[in-house]
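Working notes for the structure below.
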Amino acid sequence: MAGIVEHRTRGIQEATGDIVQSQAVSNIAKFLIRLLVDITLFTGFYYYLSFVLHSFPNTRPIAALLIRYVTDPIIGLLLGFVGYMPNLITILIIAAIARWMIKGVYLFFQSVEQGVIELKSFEDHWVWPTYNLIRGGIVLTAAVICFPYIPGSDSAAFQGLTILVGVMVSLGSNSVISNVLAGLFVLYKRSMNVGDRIRVGDHYGDVMQIRLMETYLRSVKNELISIPNATLLSSEVINYSSKIDGKGLLLHTTVGIGYEEPRKKVEAMLIEAARRTKGLKKSPEPFVLVTGLLDFATNYQINAFTTRGSSLPLLLSELHKNITDVFNENGVQIMTPNYETDTPDLKISEVDWDEPLAHEAAAEAAAQKA
C-alpha cells in the first residue's frame with residue numbers, strides 16, 4: 001500500500017514541477033489510510049465482541065452496555081444530522097447566493113478595469129481594493145444571516161464563547177483596525193498612486209504597492225520599505241510625481257559667499273551652473289534668492305524647475321558639481337559653515353582633473369608649497 005501511494009504521488013510531483021512534494025503528499029495519504037483502517041478494525045472488533053457477549057445469557061447485560069455506549073450516540077448523531085438538514089440546506093443556499101454575488105461583482109470590476117464599463121471620477125487603482133471591500137461585506141453579511149442556523153447558536157455556552165472571542169479580537173486588534181481604516185483613506189484620498197516618488201519623514205522612494213495594512217516603498221538605494229498606513233496618514237507626504245501647474249518641481253540649493261563678491265556676479269554664476277545641469281528647465285528661467293545675511297557670508301539660493309521628479313538626488317548632485325566648477329573657474333570661494341577668516345591661498349581647485357596626470361600634478365604642487 002505504501003509503495004502504491006509513493007508511486008502515485010511521485011507522478012503528482014513530476015506533473016507540478018516540484019511545487020507539491022511527493023513525500024508530504026504520501027505521508028498525508030498514509031495517515032488517512034491508516035486512520036480509516038484503524039477505525040474499521042476497531043468498529044469490527046467492538047461489534048464482534050458485543051455479538052459474542054450477547055450470545056451468552058450471563059454476558060448479555062455487558063453486551064447491552066457496550067452497544068448502548070457506542071450505538072446510541074451514533075444513532076443520536078445521525079438523527080441530529082437528519083434533523084439539521086433543513087438548516088444545512090438554508091446555509092448552503094445562502095452561501096451559494098453569496099458566491100454568485102461575489103462572482104458578479106468580480107466580473108463587474110473586471111469590466112471596469114478593461115474599460116468595458118466606464119465610471120467617471122473612478123481611479124484605476126481603486127478597482128480591486130473596492131472589489132475586496134464589497135466581497136468582504138458580502139461574506140460578513142452572509143455569515144450574520146447564517147448565524148441563527150448554526151447548531152447550538154441559541155445556547156448560552158455558544159453565545160458566551162462568541163462574546164469572549166469578540167472581546168479578545170477587539171482588545172488585540174486596535175492597531176490592526178487603525179491601519180486598515182488608514183489604508184482606506186490612503187487608497188481613496190488621491191494623495192499618491194502606485195509608481196509615484198514620495199517622501200514620508202526620512203523615507204524617500206517609489207510607491208510599489210498600497211495595501212490595507214501597509215504601503216511598500218522602494219528607496220533610491222533599492223531598499224524595500226514598509227510603512228504602516230496609520231503612520232502614513234498621520235505624517236506629511238511629499239509627492240514628487242504629482243503635476244500641479246505644469247511647471248514642474250522647484251529644485252533648490254543654498255551656498256554661502258563672502259561679502260567681498262558682488263551680488264550680481266554670484267547670481268550670474270549660480271544661474272550658469274543651473275543652465276549647465278541637464279534636466280533643469282530653461283523656461284521658466286532659473287532664479288536666485290538671497291536667503292540670509294550672516295556674520296561672514298551671504299546665503300544665495302539657486303532655484304530651477306524640473307519635470308524629472310524621480311531623479312531629484314541625481315539632479316541635485318549634478319547641480320552641486322556645476323556650482324563647484326563654475327565658482328572655481330571664476331576664482332570665487334564658497335564659504336564653509338565654520339568660516340572665520342581667509343587663508344593666504346584661495347580655497348579653490350585650479351587643477352583640471354579631467355587630465356590623466358591631474359592627481360600627480362596636484363600632489364607635486366602641494367609638495368612644493370610645503
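Ordered as shown in the C-alpha cells, chains take letters A, B, and onward, while each chain numbers its residues from 1 and ligands are numbered from 1 in the order shown.
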Using DSSP on the backbone coordinates, identify the residues of range 11-252 of chain A assigned to strand (DSSP E or B); present them as a ChimeraX atom specification.
/A:197-200,203-210,214-219,224-228,237-239,249-252
When you look at range 109-119 of chain A with a cut-off of 10 Å (counting only C-alpha atoms), what residues show up, excluding the ones that are within fewer than 5 positions of it in the same chain? I need them as a PyMOL selection string.
chain A and resi 104+124-128+130-131
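The shell of residues at most 12 Å from Tyr48 in chain A, with only C-alpha atoms counted and near chain neighbours (fewer than 6 positions) removed, consists of A:Thr40, A:Leu41, A:Phe42, A:His54, A:Ser55, A:Ala63, A:Leu66, A:Ile67.
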Tell me, as a PyMOL selection string, which residues lie within 12 Å of range 230-240 of chain A, counting only C-alpha atoms; anything in the same chain fewer than 4 positions away does not count.
chain A and resi 174-207+210-217+226+244+248-251+306-313
Which residues, written as a PyMOL selection string, have at least one atom at most 10 Å from Ile134 in chain A, with only C-alpha atoms counted and residues fewer than 3 positions away on the same chain left out?
chain A and resi 101-102+105-106+128-131+137-140
Save out the residues we just selected, C-alpha atoms, as an mmCIF file, in the first residue's frame.
data_model
loop_
_atom_site.group_PDB
_atom_site.id
_atom_site.type_symbol
_atom_site.label_atom_id
_atom_site.label_comp_id
_atom_site.auth_asym_id
_atom_site.auth_seq_id
_atom_site.Cartn_x
_atom_site.Cartn_y
_atom_site.Cartn_z
ATOM 1 C CA MET A 101 -22.970 37.834 -5.898
ATOM 2 C CA ILE A 102 -19.191 37.847 -5.398
ATOM 3 C CA VAL A 105 -19.117 41.842 -8.555
ATOM 4 C CA TYR A 106 -15.804 40.374 -9.765
ATOM 5 C CA TRP A 128 -9.550 45.782 -6.808
ATOM 6 C CA PRO A 129 -9.485 47.408 -3.333
ATOM 7 C CA THR A 130 -13.143 48.319 -3.864
ATOM 8 C CA TYR A 131 -13.884 44.776 -5.025
ATOM 9 C CA GLY A 137 -19.102 42.964 3.100
ATOM 10 C CA ILE A 138 -20.963 40.201 1.261
ATOM 11 C CA VAL A 139 -19.150 37.469 3.210
ATOM 12 C CA LEU A 140 -19.778 39.218 6.521
#
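Our summary of the geometry notes that CA of Ile93 in chain A is positioned 20.1 Å from CA of Gly80 in chain A.
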Hey, what's within 12 Å of Asn87 in chain A if we count only C-alpha atoms and toss same-chain stuff fewer than 6 positions away? As a count of residues only, please?
13
Residue contacts of Leu294 in chain A (10 Å, only C-alpha atoms) excluding same-chain residues fewer than 6 positions away, as a CSV table (one decimal) with N, CA and C atoms, in the first residue's frame:
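Output (selection32.csv):
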chain,number,residue,atom,x,y,z
A,256,GLY,N,26.9,79.7,0.6
A,256,GLY,CA,27.3,80.9,1.4
A,256,GLY,C,28.6,81.6,0.7
A,257,ILE,N,28.5,82.8,0.3
A,257,ILE,CA,29.6,83.5,-0.4
A,257,ILE,C,29.9,84.8,0.4
A,258,GLY,N,31.2,85.1,0.5
A,258,GLY,CA,31.7,86.3,1.2
A,258,GLY,C,31.1,87.6,0.7
A,259,TYR,N,31.1,88.6,1.5
A,259,TYR,CA,30.6,89.9,1.2
A,259,TYR,C,31.4,90.6,0.1
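The two atoms in question, CA of Asp295 in chain A and CA of Val332 in chain A, are spaced 18.2 Å apart.
Counting only C-alpha atoms, the residue from A:Val290, A:Leu53, A:Ile225, A:Leu161 that sits nearest to Lys264 in chain A is A:Val290.
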Point-to-point distance from CA of Thr162 in chain A to CA of Ala95 in chain A, Å rounded to tenths:
21.1 Å
